[in-house]
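Participant: The structure file entry_32.txt (compact mmCIF, C-alpha atoms) is provided below.
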```
# COMPACT_ATOMS: atom_id res chain seq x y z
CA MET N 869 -8.85 -37.68 -41.14
CA GLY N 870 -5.22 -37.34 -42.17
CA LYS N 871 -4.66 -34.24 -40.07
CA ARG N 872 -3.56 -34.84 -36.53
CA ASP N 873 -4.48 -32.45 -33.78
CA VAL N 874 -1.39 -30.55 -32.77
CA GLN N 875 -1.49 -30.01 -29.06
CA GLU N 876 -1.21 -26.33 -28.25
CA VAL N 877 1.23 -25.32 -25.57
CA ASN N 878 -0.56 -23.59 -22.79
CA ALA N 879 0.63 -20.04 -23.19
CA GLY N 880 -1.51 -18.59 -20.48
CA SER N 881 1.36 -18.29 -18.03
CA MET N 882 3.61 -16.53 -20.53
CA ALA N 883 1.90 -13.25 -19.78
CA ASP N 884 2.60 -13.77 -16.10
CA ILE N 885 6.25 -14.38 -16.81
CA ALA N 886 6.40 -11.22 -18.89
CA PHE N 887 4.78 -9.21 -16.15
CA LEU N 888 7.14 -10.67 -13.59
CA LEU N 889 10.09 -9.54 -15.70
CA LEU N 890 8.55 -6.13 -16.19
CA ILE N 891 8.10 -5.70 -12.45
CA PHE N 892 11.62 -6.97 -11.79
CA PHE N 893 13.08 -4.33 -14.06
CA LEU N 894 10.84 -1.65 -12.63
CA VAL N 895 12.06 -2.44 -9.14
CA THR N 896 15.74 -2.90 -9.88
CA THR N 897 16.31 0.10 -12.14
CA THR N 898 17.19 2.67 -9.54
CA MET N 899 16.08 6.02 -10.76
CA ASP N 900 19.33 7.47 -9.71
CA THR N 901 18.10 10.57 -7.99
CA ASP N 902 20.84 13.08 -7.93
CA SER N 903 21.66 14.66 -4.62
CA GLY N 904 24.14 17.32 -3.80
CA LEU N 905 25.03 20.43 -1.87
CA SER N 906 22.95 23.28 -3.24
CA ARG N 907 24.56 26.66 -3.49
CA MET N 908 23.80 29.97 -5.13
CA LEU N 909 26.57 31.64 -7.04
CA PRO N 910 26.86 35.40 -6.78
CA PRO N 911 25.83 37.23 -9.94
CA PRO N 912 28.69 38.44 -12.10
CA VAL N 913 30.17 41.69 -10.86
CA PRO N 914 29.74 44.59 -13.27
CA GLU N 915 33.07 46.16 -14.09
CA ASP N 916 32.20 49.69 -13.04
CA GLN N 917 30.97 48.62 -9.63
CA GLU N 918 32.41 50.42 -6.65
CA THR N 919 34.21 48.33 -4.14
CA PRO N 920 31.80 47.47 -1.36
CA PRO N 921 32.53 48.85 2.12
CA PRO N 922 34.88 46.56 3.99
CA ILE N 923 33.33 44.20 6.51
CA LYS N 924 34.65 44.43 10.03
CA ASP N 925 37.25 41.87 10.83
CA ARG N 926 35.29 40.44 13.73
CA ASN N 927 32.37 39.71 11.42
CA VAL N 928 34.38 37.56 9.05
CA PHE N 929 35.24 33.93 9.64
CA GLU N 930 38.07 33.27 7.29
CA VAL N 931 38.61 29.73 6.07
CA LEU N 932 41.53 29.05 3.76
CA ILE N 933 42.37 25.74 2.16
CA ASN N 934 45.78 25.32 0.57
CA SER N 935 46.92 22.95 -2.12
CA GLN N 936 47.98 20.39 0.48
CA ASN N 937 44.37 20.32 1.72
CA ARG N 938 45.34 22.02 4.95
CA LEU N 939 42.97 24.38 6.68
CA LEU N 940 43.77 27.80 8.02
CA VAL N 941 40.89 29.18 10.03
CA GLU N 942 41.16 32.71 11.40
CA ASN N 943 44.91 32.53 10.86
CA GLU N 944 45.24 29.34 12.88
CA PRO N 945 45.77 25.88 11.43
CA MET N 946 42.82 23.66 12.15
CA GLU N 947 41.71 20.11 11.59
CA LEU N 948 38.58 19.49 9.59
CA ARG N 949 36.78 17.84 12.48
CA GLU N 950 37.09 20.97 14.59
CA LEU N 951 35.66 23.21 11.91
CA ARG N 952 32.00 22.55 12.58
CA ASP N 953 32.12 23.59 16.22
CA ALA N 954 34.30 26.58 15.44
CA ALA N 955 31.83 27.73 12.81
CA LYS N 956 28.92 27.22 15.16
CA GLU N 957 30.56 29.22 17.86
CA PHE N 958 31.33 31.97 15.39
CA ILE N 959 27.78 32.18 14.08
CA GLN N 960 26.14 32.00 17.45
CA ASN N 961 28.55 34.03 19.55
CA PRO N 962 26.80 32.85 22.71
CA LEU N 963 28.75 35.01 25.14
CA ASP N 964 28.77 38.18 22.99
CA GLU N 965 32.52 38.22 22.89
CA GLU N 966 34.51 41.05 21.37
CA GLY N 967 36.30 39.00 18.79
CA LEU N 968 33.17 37.31 17.47
CA PRO N 969 30.54 38.89 15.22
CA GLU N 970 28.18 41.65 16.13
CA LYS N 971 24.46 41.11 16.31
CA GLU N 972 21.66 43.10 14.88
CA GLU N 973 18.21 43.20 16.41
CA LYS N 974 15.66 42.18 13.85
CA GLN N 975 11.95 41.69 13.86
CA ILE N 976 11.35 38.03 13.06
CA GLU N 977 8.00 36.33 12.74
CA TYR N 978 7.26 33.90 15.62
CA PHE N 979 10.29 35.15 17.53
CA GLY N 980 9.71 38.88 17.92
CA ILE N 981 12.87 40.89 18.21
CA TYR N 982 15.81 38.59 17.89
CA PRO N 983 19.53 39.30 17.71
CA VAL N 984 20.77 38.13 14.33
CA SER N 985 24.46 37.61 13.81
CA LYS N 986 26.17 39.72 11.18
CA GLY N 987 28.85 37.11 10.67
CA VAL N 988 29.94 36.04 7.22
CA ILE N 989 31.97 32.96 6.46
CA SER N 990 34.59 33.60 3.86
CA LEU N 991 35.93 30.57 2.08
CA GLN N 992 38.98 30.65 -0.07
CA ASN N 993 40.72 27.79 -1.78
CA ASP N 994 43.77 27.18 -3.85
CA ARG N 995 43.71 26.00 -7.45
CA GLY N 996 45.32 22.78 -6.33
CA THR N 997 42.87 21.99 -3.54
CA GLN N 998 41.28 18.61 -3.90
CA TYR N 999 37.57 18.72 -4.70
CA GLN N 1000 36.73 16.30 -1.92
CA MET N 1001 38.41 18.56 0.62
CA TYR N 1002 36.59 21.60 -0.67
CA LEU N 1003 33.29 19.77 -0.51
CA SER N 1004 34.02 18.47 2.97
CA VAL N 1005 34.62 22.01 4.15
CA GLN N 1006 31.42 23.20 2.48
CA ASN N 1007 29.70 20.25 4.06
CA GLU N 1008 30.97 21.05 7.54
CA LEU N 1009 29.89 24.68 7.21
CA ALA N 1010 26.47 23.62 5.96
CA ALA N 1011 26.29 21.15 8.83
CA ALA N 1012 27.07 23.94 11.29
CA TYR N 1013 24.16 25.97 9.97
CA ASN N 1014 21.86 22.97 9.87
CA GLU N 1015 22.67 22.03 13.44
CA LEU N 1016 22.02 25.55 14.66
CA ARG N 1017 18.74 25.67 12.80
CA ASN N 1018 17.75 22.31 14.19
CA GLU N 1019 18.61 23.31 17.74
CA LEU N 1020 16.59 26.48 17.48
CA SER N 1021 13.68 24.71 15.91
CA GLN N 1022 13.74 22.02 18.59
CA SER N 1023 13.73 24.51 21.42
CA LYS N 1024 11.10 26.78 19.89
CA PHE N 1025 8.73 24.44 18.09
CA GLY N 1026 9.79 21.05 19.41
CA LYS N 1027 10.30 19.69 15.92
CA LYS N 1028 13.13 19.19 13.51
CA PHE N 1029 13.80 21.96 11.03
CA ASP N 1030 12.88 19.80 8.07
CA GLU N 1031 9.49 18.99 9.55
CA LEU N 1032 8.45 22.59 10.08
CA GLU N 1033 5.98 24.50 7.96
CA GLU N 1034 7.36 26.69 5.23
CA ASP N 1035 6.90 30.03 7.01
CA LYS N 1036 8.49 28.79 10.23
CA GLN N 1037 11.44 27.52 8.24
CA ASP N 1038 11.74 30.94 6.67
CA ALA N 1039 11.75 32.57 10.09
CA ILE N 1040 14.58 30.34 11.23
CA ARG N 1041 16.40 30.94 7.99
CA ASP N 1042 16.15 34.66 8.72
CA ILE N 1043 17.81 34.10 12.08
CA TYR N 1044 20.53 31.85 10.71
CA PRO N 1045 21.00 32.89 7.10
CA GLN N 1046 23.58 30.80 5.32
CA LYS N 1047 26.19 33.37 4.54
CA ILE N 1048 29.13 31.70 2.89
CA SER N 1049 31.05 33.92 0.58
CA GLU N 1050 33.74 32.71 -1.72
CA ALA N 1051 36.60 34.88 -2.71
CA GLU N 1052 38.20 34.86 -6.12
CA PRO N 1053 40.76 32.05 -6.24
CA LYS N 1054 44.37 32.72 -5.41
CA ASN N 1055 47.42 30.58 -5.18
CA ILE N 1056 47.80 29.93 -1.49
CA GLY N 1057 50.80 28.00 -0.44
CA GLY N 1058 52.16 27.59 -3.95
CA LYS N 1059 51.89 24.63 -6.25
CA MET Z 1134 -19.64 -21.00 -51.44
CA ALA Z 1135 -20.37 -24.20 -49.76
CA LYS Z 1136 -17.26 -23.94 -47.64
CA PHE Z 1137 -18.23 -20.58 -46.22
CA ARG Z 1138 -21.62 -21.79 -45.27
CA LYS Z 1139 -20.14 -24.62 -43.36
CA LYS Z 1140 -18.15 -22.34 -41.08
CA LYS Z 1141 -21.03 -20.12 -40.22
CA GLY Z 1142 -22.70 -22.84 -38.33
CA SER Z 1143 -19.92 -23.63 -35.90
CA GLY Z 1144 -20.65 -20.93 -33.30
CA GLN Z 1145 -18.27 -18.40 -31.75
CA GLN Z 1146 -14.61 -19.00 -32.23
CA ALA Z 1147 -12.18 -18.11 -29.40
CA ILE Z 1148 -9.49 -15.62 -30.28
CA ASN Z 1149 -6.06 -17.09 -30.01
CA THR Z 1150 -4.34 -15.31 -27.12
CA ALA Z 1151 -1.01 -17.03 -27.51
CA SER Z 1152 0.50 -13.90 -29.04
CA LEU Z 1153 -0.46 -11.70 -26.10
CA PRO Z 1154 2.75 -12.42 -24.17
CA ASP Z 1155 4.70 -11.52 -27.28
CA ILE Z 1156 3.01 -8.16 -27.35
CA VAL Z 1157 3.82 -7.63 -23.67
CA PHE Z 1158 7.43 -8.66 -24.30
CA MET Z 1159 7.64 -6.28 -27.21
CA LEU Z 1160 6.45 -3.45 -24.98
CA LEU Z 1161 8.89 -4.50 -22.28
CA PHE Z 1162 11.83 -4.48 -24.67
CA PHE Z 1163 10.75 -1.21 -26.19
CA PHE Z 1164 10.73 0.50 -22.80
CA MET Z 1165 13.96 -1.15 -21.71
CA VAL Z 1166 15.77 0.01 -24.80
CA THR Z 1167 14.40 3.53 -24.89
CA THR Z 1168 15.03 4.26 -21.23
CA THR Z 1169 18.68 3.33 -21.38
CA MET Z 1170 19.24 5.22 -24.59
CA LYS Z 1171 18.71 8.64 -23.04
CA GLU Z 1172 21.45 8.27 -20.48
CA VAL Z 1173 24.67 10.04 -21.17
CA ALA Z 1174 27.62 7.77 -21.62
CA LEU Z 1175 30.27 8.87 -19.19
CA LYS Z 1176 33.57 9.61 -20.81
CA VAL Z 1177 35.35 10.74 -17.69
CA GLN Z 1178 36.28 8.78 -14.62
CA LEU Z 1179 33.84 9.78 -11.96
CA LYS Z 1180 34.06 8.78 -8.36
CA GLN Z 1181 31.78 11.14 -6.56
CA PRO Z 1182 32.88 12.90 -3.40
CA GLU Z 1183 31.14 12.19 -0.14
CA ALA Z 1184 29.10 14.47 2.04
CA THR Z 1185 26.42 14.33 4.70
CA GLU Z 1186 24.31 17.48 4.34
CA LEU Z 1187 22.77 16.71 0.99
CA SER Z 1188 19.54 17.79 -0.53
CA LYS Z 1189 17.85 15.98 -3.36
CA LEU Z 1190 17.37 17.54 -6.74
CA GLU Z 1191 13.66 17.27 -7.31
CA LYS Z 1192 12.79 17.81 -10.92
CA LYS Z 1193 15.07 16.13 -13.37
CA SER Z 1194 13.93 18.25 -16.29
CA LEU Z 1195 15.26 21.35 -14.57
CA VAL Z 1196 18.72 19.96 -14.00
CA THR Z 1197 21.65 20.37 -16.35
CA TYR Z 1198 24.74 18.30 -15.76
CA ILE Z 1199 28.38 19.16 -16.09
CA TYR Z 1200 30.82 16.30 -15.65
CA VAL Z 1201 34.40 16.94 -14.62
CA GLY Z 1202 37.12 14.36 -14.35
CA VAL Z 1203 40.07 12.62 -15.91
CA PRO Z 1204 39.15 11.06 -19.27
CA GLN Z 1205 38.60 7.34 -19.20
CA LYS Z 1206 41.42 5.04 -20.30
CA GLN Z 1207 40.31 4.66 -23.91
CA TYR Z 1208 40.11 8.43 -24.42
CA GLN Z 1209 43.36 9.31 -22.71
CA GLY Z 1210 45.32 8.95 -25.93
CA THR Z 1211 43.37 11.75 -27.57
CA PHE Z 1212 42.41 13.92 -24.65
CA GLY Z 1213 45.27 13.43 -22.22
CA SER Z 1214 45.08 12.61 -18.55
CA GLU Z 1215 44.34 16.06 -17.19
CA PRO Z 1216 40.81 16.63 -15.82
CA ARG Z 1217 38.40 17.62 -18.57
CA LEU Z 1218 34.83 18.73 -18.87
CA GLN Z 1219 32.12 16.65 -20.42
CA LEU Z 1220 29.00 18.40 -21.62
CA ASN Z 1221 26.35 16.10 -23.03
CA ASP Z 1222 28.33 13.49 -24.90
CA GLN Z 1223 31.54 15.21 -25.72
CA PHE Z 1224 34.65 16.63 -24.18
CA SER Z 1225 34.53 20.38 -23.99
CA THR Z 1226 36.40 23.36 -22.67
CA VAL Z 1227 35.30 25.95 -20.18
CA ASP Z 1228 34.48 28.31 -23.05
CA ASP Z 1229 31.80 25.94 -24.31
CA ILE Z 1230 29.84 26.17 -21.08
CA ARG Z 1231 28.17 29.41 -22.00
CA ASN Z 1232 26.73 28.06 -25.24
CA TYR Z 1233 25.74 24.86 -23.54
CA ILE Z 1234 23.84 26.68 -20.81
CA VAL Z 1235 22.12 28.94 -23.33
CA GLN Z 1236 21.15 25.93 -25.38
CA GLU Z 1237 19.81 24.03 -22.40
CA ARG Z 1238 17.90 27.05 -21.23
CA GLU Z 1239 16.31 27.49 -24.65
CA SER Z 1240 15.04 23.94 -24.56
CA MET Z 1241 13.20 24.54 -21.29
CA ARG Z 1242 9.77 25.94 -20.86
CA GLU Z 1243 9.85 29.65 -20.24
CA SER Z 1244 8.32 29.38 -16.79
CA ASP Z 1245 10.99 26.88 -15.76
CA ARG Z 1246 14.02 28.80 -16.89
CA SER Z 1247 14.54 30.66 -13.64
CA LYS Z 1248 14.50 27.38 -11.73
CA MET Z 1249 17.27 25.84 -13.76
CA THR Z 1250 19.85 24.08 -11.65
CA VAL Z 1251 23.29 23.09 -12.80
CA SER Z 1252 24.62 19.98 -11.16
CA ILE Z 1253 28.39 19.77 -11.11
CA LYS Z 1254 29.37 16.14 -11.09
CA ALA Z 1255 33.06 16.12 -10.48
CA ASP Z 1256 35.51 13.45 -9.49
CA PHE Z 1257 36.60 13.67 -5.86
CA ASP Z 1258 40.24 14.07 -6.82
CA THR Z 1259 39.78 16.97 -9.24
CA PRO Z 1260 41.85 20.02 -8.39
CA MET Z 1261 39.71 23.06 -7.61
CA GLY Z 1262 41.25 25.13 -10.41
CA ILE Z 1263 39.03 23.72 -13.13
CA ILE Z 1264 35.97 23.79 -10.89
CA THR Z 1265 36.54 27.44 -10.09
CA GLU Z 1266 36.77 28.14 -13.81
CA VAL Z 1267 33.50 26.29 -14.34
CA LYS Z 1268 31.88 28.33 -11.60
CA GLN Z 1269 33.10 31.58 -13.09
CA ALA Z 1270 31.75 30.53 -16.48
CA LEU Z 1271 28.40 29.68 -14.93
CA ARG Z 1272 28.25 33.04 -13.26
CA LYS Z 1273 28.84 34.72 -16.59
CA ALA Z 1274 26.13 32.60 -18.16
CA GLN Z 1275 23.72 33.62 -15.37
CA ALA Z 1276 23.25 30.04 -14.24
CA LEU Z 1277 23.53 30.78 -10.56
CA LYS Z 1278 21.74 27.86 -8.98
CA ILE Z 1279 24.23 25.07 -8.68
CA SER Z 1280 24.56 21.83 -6.83
CA TYR Z 1281 27.74 19.98 -6.03
CA SER Z 1282 26.77 16.41 -6.65
CA ALA Z 1283 27.91 14.03 -3.94
CA ARG Z 1284 27.22 10.67 -2.40
CA GLN Z 1285 25.38 10.44 0.89
CA VAL Z 1286 27.49 9.00 3.69
CA ASN Z 1287 27.21 9.09 7.45
CA GLN Z 1288 30.61 10.57 8.05
CA VAL Z 1289 32.79 12.60 5.73
CA PRO Z 1290 36.42 11.48 5.42
CA MET Z 1291 38.41 13.57 7.84
```
Translate the structure of the given file into structure tokens.
Facilitator:
Amino acid sequence: MGKRDVQEVNAGSMADIAFLLLIFFLVTTTMDTDSGLSRMLPPPVPEDQETPPPIKDRNVFEVLINSQNRLLVENEPMELRELRDAAKEFIQNPLDEEGLPEKEEKQIEYFGIYPVSKGVISLQNDRGTQYQMYLSVQNELAAAYNELRNELSQSKFGKKFDELEEDKQDAIRDIYPQKISEAEPKNIGGK
Amino acid sequence: MAKFRKKKGSGQQAINTASLPDIVFMLLFFFMVTTTMKEVALKVQLKQPEATELSKLEKKSLVTYIYVGVPQKQYQGTFGSEPRLQLNDQFSTVDDIRNYIVQERESMRESDRSKMTVSIKADFDTPMGIITEVKQALRKAQALKISYSARQVNQVPM
């Protein structure tokens, strides 16, 4: 026999190595799930629309951001860290004060008749405002709403808002609707 | 003829499985290459802003992205250093948004079109002017569900 037996390399473990690699890539490739602040834009205004009736001053919480990223809340300068509590107080109006928004009695599922605030948060920014600042303000306002919803949900159902059933969440959303309106941009404070 | 007959007698022959790993590797490489190919190459500098009250965007097929930021270094010669929009793979202007949205909407299933979400991925340092223009363009294009993309942190910079 002139032919020699060539020893075969044991390739049985190659498949294991390949699988190991496959699993490694599966684990390490982070499916970068996008997260963000969700908002609804108002539909475009038809040109022949009448101007809506003005909202009472006490029902509007005015937040202005200028190009230096400074806040003006209800005509008073304010720091960002104070905004959340100010917004909460405005929405809730716990003492039914004159200067804070009116309430409207509404029939709400699970709660019966409940006074719902008529307050609207109006947000206005300058063209030069930094995006981070704008988002921080939006974030604080959203946080104010979320905290109120959580507090209510804790006291009524003993659970966090996120853990509630869909219809209970809707009921709480009816009590604390997220009303953030954005005005058309203006140049506040110059460039 | 004699040769064939000889083989017949030698019983069942094992199939050589040495090429099996190669097949697995081929599959692995195929998936690795195809999954990275679909990603959009970023042409703008993007450092996402930070926020705490985020919600996740569930279905990726329903999300359309708009990138806003200063062009990256290698594009600054042609496109300048002012914040620009990037739609798909190219630099665009605010006027292109409408066509882009229409196009993206067409490519969706009809039942999904109302659930379309536009994710605005903007650099944290972008001035609001361009973002407001984007928002106005989206309103005109009837893409009203938007999301300001941000990074989850425990505390926003004050």
Participant: Give me the residues within 12 Å of Phe1158 (chain Z) as JSON, numbers by chain, counting only C-alpha atoms and dropping any in the same chain fewer than 4 places off.
Facilitator: {"N": [882, 883, 884, 885, 886, 887, 888, 889, 890], "Z": [1152, 1153, 1154, 1162, 1163, 1164, 1165]}
Participant: Keeping only C-alpha atoms, write the selected residues as an mmCIF file, in the coordinates of the input.
Facilitator:
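Full text of again_4.cif as output:
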```cif
data_model
loop_
_atom_site.group_PDB
_atom_site.id
_atom_site.type_symbol
_atom_site.label_atom_id
_atom_site.label_comp_id
_atom_site.auth_asym_id
_atom_site.auth_seq_id
_atom_site.Cartn_x
_atom_site.Cartn_y
_atom_site.Cartn_z
ATOM 1 C CA MET N 882 3.610 -16.530 -20.530
ATOM 2 C CA ALA N 883 1.900 -13.250 -19.780
ATOM 3 C CA ASP N 884 2.600 -13.770 -16.100
ATOM 4 C CA ILE N 885 6.250 -14.380 -16.810
ATOM 5 C CA ALA N 886 6.400 -11.220 -18.890
ATOM 6 C CA PHE N 887 4.780 -9.210 -16.150
ATOM 7 C CA LEU N 888 7.140 -10.670 -13.590
ATOM 8 C CA LEU N 889 10.090 -9.540 -15.700
ATOM 9 C CA LEU N 890 8.550 -6.130 -16.190
ATOM 10 C CA SER Z 1152 0.500 -13.900 -29.040
ATOM 11 C CA LEU Z 1153 -0.460 -11.700 -26.100
ATOM 12 C CA PRO Z 1154 2.750 -12.420 -24.170
ATOM 13 C CA PHE Z 1162 11.830 -4.480 -24.670
ATOM 14 C CA PHE Z 1163 10.750 -1.210 -26.190
ATOM 15 C CA PHE Z 1164 10.730 0.500 -22.800
ATOM 16 C CA MET Z 1165 13.960 -1.150 -21.710
#
```
Participant: Using all atoms listed in the file, what table do you get, as JSON lines, when you list each residue of chain Z with an atom no more than 6 Å from chain N, its nearest pair of atoms, and their distance in Å rounded to one decimal, rows by chain then rising number?
Facilitator:
```
{"residue": "Z:Ala1151", "atom": "CA", "partner": "N:Ala879", "partner_atom": "CA", "distance": 5.5}
{"residue": "Z:Pro1154", "atom": "CA", "partner": "N:Ala883", "partner_atom": "CA", "distance": 4.5}
{"residue": "Z:Pro1182", "atom": "CA", "partner": "N:Gln1000", "partner_atom": "CA", "distance": 5.3}
{"residue": "Z:Leu1187", "atom": "CA", "partner": "N:Gly904", "partner_atom": "CA", "distance": 5.0}
{"residue": "Z:Ser1188", "atom": "CA", "partner": "N:Ser903", "partner_atom": "CA", "distance": 5.6}
{"residue": "Z:Lys1189", "atom": "CA", "partner": "N:Ser903", "partner_atom": "CA", "distance": 4.2}
{"residue": "Z:Leu1190", "atom": "CA", "partner": "N:Ser903", "partner_atom": "CA", "distance": 5.6}
{"residue": "Z:Phe1257", "atom": "CA", "partner": "N:Gln1000", "partner_atom": "CA", "distance": 4.7}
{"residue": "Z:Asp1258", "atom": "CA", "partner": "N:Gln998", "partner_atom": "CA", "distance": 5.5}
{"residue": "Z:Thr1259", "atom": "CA", "partner": "N:Tyr999", "partner_atom": "CA", "distance": 5.3}
{"residue": "Z:Pro1260", "atom": "CA", "partner": "N:Gln998", "partner_atom": "CA", "distance": 4.7}
{"residue": "Z:Met1261", "atom": "CA", "partner": "N:Arg995", "partner_atom": "CA", "distance": 5.0}
{"residue": "Z:Gly1262", "atom": "CA", "partner": "N:Arg995", "partner_atom": "CA", "distance": 3.9}
{"residue": "Z:Arg1272", "atom": "CA", "partner": "N:Pro912", "partner_atom": "CA", "distance": 5.5}
{"residue": "Z:Lys1273", "atom": "CA", "partner": "N:Pro912", "partner_atom": "CA", "distance": 5.8}
{"residue": "Z:Leu1277", "atom": "CA", "partner": "N:Leu909", "partner_atom": "CA", "distance": 4.7}
{"residue": "Z:Lys1278", "atom": "CA", "partner": "N:Met908", "partner_atom": "CA", "distance": 4.8}
{"residue": "Z:Ile1279", "atom": "CA", "partner": "N:Arg907", "partner_atom": "CA", "distance": 5.4}
{"residue": "Z:Ser1280", "atom": "CA", "partner": "N:Ser906", "partner_atom": "CA", "distance": 4.2}
{"residue": "Z:Tyr1281", "atom": "CA", "partner": "N:Leu905", "partner_atom": "CA", "distance": 5.0}
{"residue": "Z:Ser1282", "atom": "CA", "partner": "N:Gly904", "partner_atom": "CA", "distance": 4.0}
{"residue": "Z:Ala1283", "atom": "CA", "partner": "N:Gly904", "partner_atom": "CA", "distance": 5.0}
```
Participant: Can you list, as an NGL selection string, every protein, DNA or RNA residue that comes within 10 Å of Gly967 (chain N) when you count all atoms listed in the file, leaving out same-chain residues fewer than 6 positions away?
Facilitator: :N and (925-927 or 958 or 961)
Participant: Between Z:Val1173, Z:Ile1156, Z:Val1166, Z:Ala1276, single out the one closest to Thr1250 (chain Z), counting all atoms listed in the file.
Facilitator: Z:Ala1276
Participant: With a distance cut-off of 10 Å and only C-alpha atoms, select the neighbouring residues of Ile923 (chain N), excluding the residue or stretch itself and same-chain residues fewer than 5 positions from it, and output the selection as a list in words.
Facilitator: Val928, Lys986, Gly987 and Val988 of chain N
Participant: I'd like the contact shell of Tyr1200 (chain Z) - 8 Å cut-off, all atoms listed in the file, skipping same-chain residues fewer than 3 positions apart - returned as a list of chain:residue names.
Facilitator: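 Selected residues are Z:Val1177, Z:Leu1218, Z:Gln1219, Z:Leu1220, Z:Ile1253, Z:Lys1254, Z:Ala1255.
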Participant: May I ask for the distance between CA of Gln1181 (chain Z) and CA of Ile1199 (chain Z), given in Å to one decimal place?
Facilitator: 12.9 Å
Participant: Residues near region 1221-1231 of chain Z, anyone? I mean within 8 Å using only C-alpha atoms, not counting same-chain ones fewer than 3 positions away, as an mmCIF file with C-alpha atoms, in the coordinates of the input.
Facilitator:
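To be explicit, this is the file written out as out16.cif:
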```cif
data_model
loop_
_atom_site.group_PDB
_atom_site.id
_atom_site.type_symbol
_atom_site.label_atom_id
_atom_site.label_comp_id
_atom_site.auth_asym_id
_atom_site.auth_seq_id
_atom_site.Cartn_x
_atom_site.Cartn_y
_atom_site.Cartn_z
ATOM 1 C CA VAL Z 1173 24.670 10.040 -21.170
ATOM 2 C CA ALA Z 1174 27.620 7.770 -21.620
ATOM 3 C CA LEU Z 1175 30.270 8.870 -19.190
ATOM 4 C CA LYS Z 1176 33.570 9.610 -20.810
ATOM 5 C CA TYR Z 1198 24.740 18.300 -15.760
ATOM 6 C CA ILE Z 1199 28.380 19.160 -16.090
ATOM 7 C CA ARG Z 1217 38.400 17.620 -18.570
ATOM 8 C CA LEU Z 1218 34.830 18.730 -18.870
ATOM 9 C CA ILE Z 1234 23.840 26.680 -20.810
ATOM 10 C CA VAL Z 1235 22.120 28.940 -23.330
ATOM 11 C CA GLU Z 1266 36.770 28.140 -13.810
ATOM 12 C CA VAL Z 1267 33.500 26.290 -14.340
ATOM 13 C CA ALA Z 1270 31.750 30.530 -16.480
ATOM 14 C CA LEU Z 1271 28.400 29.680 -14.930
ATOM 15 C CA LYS Z 1273 28.840 34.720 -16.590
ATOM 16 C CA ALA Z 1274 26.130 32.600 -18.160
#
```
Participant: Hey, which of N:Asn1018, N:Thr896, N:Ser1049, N:Ser985 ends up closest to Glu970 (chain N)? Count all atoms listed in the file.
Facilitator: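 Of N:Asn1018, N:Thr896, N:Ser1049, N:Ser985, the one nearest Glu970 (chain N) is N:Ser985, counting all atoms listed in the file.
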Participant: Would you compute the distance between CA of Val1196 (chain Z) and CA of Ser1252 (chain Z)? Give it in Å to one decimal.
Facilitator: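 Here the two named atoms are 6.5 Å from each other.
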Participant: Could I get region 1270-1281 of chain Z rebuilt with N, CA and C atoms, written as an mmCIF file, keeping the file's coordinate frame?
Facilitator:
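This went into out-v3.cif:
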```
data_model
loop_
_atom_site.group_PDB
_atom_site.id
_atom_site.type_symbol
_atom_site.label_atom_id
_atom_site.label_comp_id
_atom_site.auth_asym_id
_atom_site.auth_seq_id
_atom_site.Cartn_x
_atom_site.Cartn_y
_atom_site.Cartn_z
ATOM 1 N N ALA Z 1270 32.466 30.566 -15.205
ATOM 2 C CA ALA Z 1270 31.750 30.530 -16.480
ATOM 3 C C ALA Z 1270 30.244 30.485 -16.251
ATOM 4 N N LEU Z 1271 29.833 29.757 -15.224
ATOM 5 C CA LEU Z 1271 28.400 29.680 -14.930
ATOM 6 C C LEU Z 1271 27.864 31.016 -14.463
ATOM 7 N N ARG Z 1272 28.683 31.711 -13.694
ATOM 8 C CA ARG Z 1272 28.250 33.040 -13.260
ATOM 9 C C ARG Z 1272 28.038 33.937 -14.458
ATOM 10 N N LYS Z 1273 28.971 33.881 -15.397
ATOM 11 C CA LYS Z 1273 28.840 34.720 -16.590
ATOM 12 C C LYS Z 1273 27.622 34.332 -17.396
ATOM 13 N N ALA Z 1274 27.281 33.062 -17.383
ATOM 14 C CA ALA Z 1274 26.130 32.600 -18.160
ATOM 15 C C ALA Z 1274 24.827 32.762 -17.373
ATOM 16 N N GLN Z 1275 24.897 33.367 -16.212
ATOM 17 C CA GLN Z 1275 23.720 33.620 -15.370
ATOM 18 C C GLN Z 1275 23.042 32.325 -14.910
ATOM 19 N N ALA Z 1276 23.793 31.263 -14.824
ATOM 20 C CA ALA Z 1276 23.250 30.040 -14.240
ATOM 21 C C ALA Z 1276 23.761 29.981 -12.811
ATOM 22 N N LEU Z 1277 22.994 30.558 -11.897
ATOM 23 C CA LEU Z 1277 23.530 30.780 -10.560
ATOM 24 C C LEU Z 1277 23.157 29.676 -9.566
ATOM 25 N N LYS Z 1278 22.144 28.927 -9.907
ATOM 26 C CA LYS Z 1278 21.740 27.860 -8.980
ATOM 27 C C LYS Z 1278 22.551 26.627 -9.303
ATOM 28 N N ILE Z 1279 23.409 26.230 -8.392
ATOM 29 C CA ILE Z 1279 24.230 25.070 -8.680
ATOM 30 C C ILE Z 1279 24.099 24.058 -7.548
ATOM 31 N N SER Z 1280 24.559 22.881 -7.835
ATOM 32 C CA SER Z 1280 24.560 21.830 -6.830
ATOM 33 C C SER Z 1280 25.824 21.012 -7.030
ATOM 34 N N TYR Z 1281 26.554 20.833 -5.943
ATOM 35 C CA TYR Z 1281 27.740 19.980 -6.030
ATOM 36 C C TYR Z 1281 27.297 18.561 -5.761
#
```
